[in-house]
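> Got a structure here, written out as structure tokens. Questions coming.
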Amino acid sequence: MIILGVTGPFASGKSLACDYLRSIGFFEIDADKIGKEALLELKDKIVNEFGNSIIENNEINPKKLGNIVFEDEKMMERLNSIVHPFIKGRVRDIIDKNKDKDIVINAAIMFKIGLNEFVDRIITIFADEETLINRGQERNGFSRERILKIINMQKKYNDYLNQADYIIMNNSSKEKFLKKMDKIVRRLQNDNRG
């Protein structure tokens, strides 16, 4: 069994990397999806902290919550103090239930949450800022300003490049990116068998 961490900023290609890893048999743990579960399971605690203005149709509206936390670093820290322990605990539980599998943990803020404690190797996916902005606008429909706020907030929480075992620049085609991923994974699998 090997546990890989895939991290990098917003719109860098983490999901593409994890799609590839799933296609060759890895089991994916997606920290963003667990974060969305946290909004449901910790709804009362989050609403107590941020107020009813984040509620829509009796659920937390992530966009409304995002408008608050991406504007104020202290608010982001308050949210993180509620959600991150939940995410870390859930990831630990999922790993414990899947010890017979190769696992990939997909997390933009892996180091801030402490998920790097669970992994054998970290692959950081990176791209230049303009590429990240263009992808984020196409994929999410976010404004340039909002994407820059997300990227800058993530940068504060992560030392992507210095803590990576492998770095993949993802500024070009999907095919080139997947070739780079394949090369790294083959090397890791050979080292793990060795």
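Naming works like this for the structure tokens: A, B, ... for the chains as they're shown, residue 1 at the start of each chain, ligands 1 onward in shown order.
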So which residues of range 32-165 of chain A fall under alpha helix (DSSP H) by DSSP, listed as number ranges by chain?
A: 32-41, 43-50, 62-69, 73-97, 110-113, 129-140, 144-157
> With a distance cut-off of 9 Å and only C-alpha atoms, select the neighbouring residues of range 98-114 of chain A, excluding the residue or stretch itself and same-chain residues fewer than 2 positions from it, and output the selection as a ChimeraX atom specification.
/A:1-10,14-15,17-18,21-22,25-32,80,84-85,87-88,91,93-96,116-119,154-155,157-160,163
> Please, what distance in Å, to one decimal, runs between CA of Thr124 in chain A and CA of Lys176 in chain A?
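Atom-to-atom, CA of Thr124 in chain A and CA of Lys176 in chain A are spaced 15.8 Å apart.
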> Grab the CA of Tyr166 in chain A to CA of Ile123 in chain A distance for me, in Å with one decimal place.
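Atom-to-atom, CA of Tyr166 in chain A to CA of Ile123 in chain A, that is 4.8 Å.
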> Using only C-alpha atoms for the distances, tell me which of A:Lys180, A:Asp19, A:Val185, A:Asn57 is nearest to Ile122 in chain A.
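Selected residue with least distance to Ile122 in chain A: A:Val185.
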> May I have a table of the residues of range 65-157 of chain A lying at most 12 Å from range 172-175 of chain A, giving each one's closest pair of atoms and their distance in Å to one decimal, counting only C-alpha atoms, ordered by chain and ascending residue number, as CSV?

residue,atom,partner,partner_atom,distance
A:Phe126,CA,A:Ser172,CA,11.2
A:Ala127,CA,A:Ser172,CA,9.0
A:Asp128,CA,A:Ser172,CA,10.4
A:Thr131,CA,A:Ser172,CA,9.2
A:Leu132,CA,A:Ser172,CA,11.8
A:Arg135,CA,A:Ser172,CA,11.9
> Residues of the last selection are to be written out with C-alpha atoms, as a PDB file, in the first residue's frame.

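Saved to out00.pdb:
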ATOM      1  CA  PHE A 126       1.365  23.793 -10.124  1.00  0.00           C
ATOM      2  CA  ALA A 127       0.675  26.204 -12.964  1.00  0.00           C
ATOM      3  CA  ASP A 128       1.412  29.838 -13.613  1.00  0.00           C
ATOM      4  CA  THR A 131      -3.286  29.626 -16.329  1.00  0.00           C
ATOM      5  CA  LEU A 132      -4.914  29.152 -12.906  1.00  0.00           C
ATOM      6  CA  ARG A 135      -9.023  27.627 -15.751  1.00  0.00           C
TER       7      ARG A 135
END
> Step one, run DSSP on the backbone; step two, keep only residues of range 4-162 of chain A assigned to strand (DSSP E or B); then write them as number ranges by chain.
A: 4-7, 27-30, 55-56, 59-60, 103-106, 121-126
> Those selected residues, please, written with C-alpha atoms and delivered as a short mmCIF file (atom, residue, chain, number, x, y, z; two decimals), in the first residue's frame.

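Here's the written file again19.cif:
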data_model
loop_
_atom_site.label_atom_id
_atom_site.label_comp_id
_atom_site.auth_asym_id
_atom_site.auth_seq_id
_atom_site.Cartn_x
_atom_site.Cartn_y
_atom_site.Cartn_z
CA LEU A 4 0.00 9.72 -2.06
CA GLY A 5 -0.94 13.29 -1.38
CA VAL A 6 -1.89 15.46 -4.33
CA THR A 7 -1.92 19.16 -3.59
CA PHE A 27 -8.71 4.91 -4.05
CA GLU A 28 -9.30 8.68 -3.81
CA ILE A 29 -10.05 10.62 -0.65
CA ASP A 30 -11.20 14.10 -1.68
CA ILE A 55 -28.45 29.61 5.03
CA GLU A 56 -30.45 28.99 1.86
CA GLU A 59 -28.69 24.37 4.12
CA ILE A 60 -25.42 26.27 4.27
CA ILE A 103 -4.72 5.69 -1.74
CA VAL A 104 -4.51 9.25 -3.00
CA ILE A 105 -5.54 12.18 -0.83
CA ASN A 106 -6.65 15.18 -2.89
CA ARG A 121 4.83 11.04 -0.85
CA ILE A 122 3.44 14.39 -1.95
CA ILE A 123 2.87 15.39 -5.56
CA THR A 124 2.35 19.11 -6.00
CA ILE A 125 0.56 20.24 -9.14
CA PHE A 126 1.37 23.79 -10.12
#
> Name the residues in contact with Met75 in chain A at a cut-off of 10 Å, using only C-alpha atoms, excluding same-chain residues fewer than 6 positions from it; report them as a count of residues only.
7
> Between A:Ala11, A:Glu41, A:Phe70, A:Lys36, which is the closest to Gly141 in chain A once you count only C-alpha atoms?
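Of the candidates, the smallest distance to Gly141 in chain A is held by A:Ala11.
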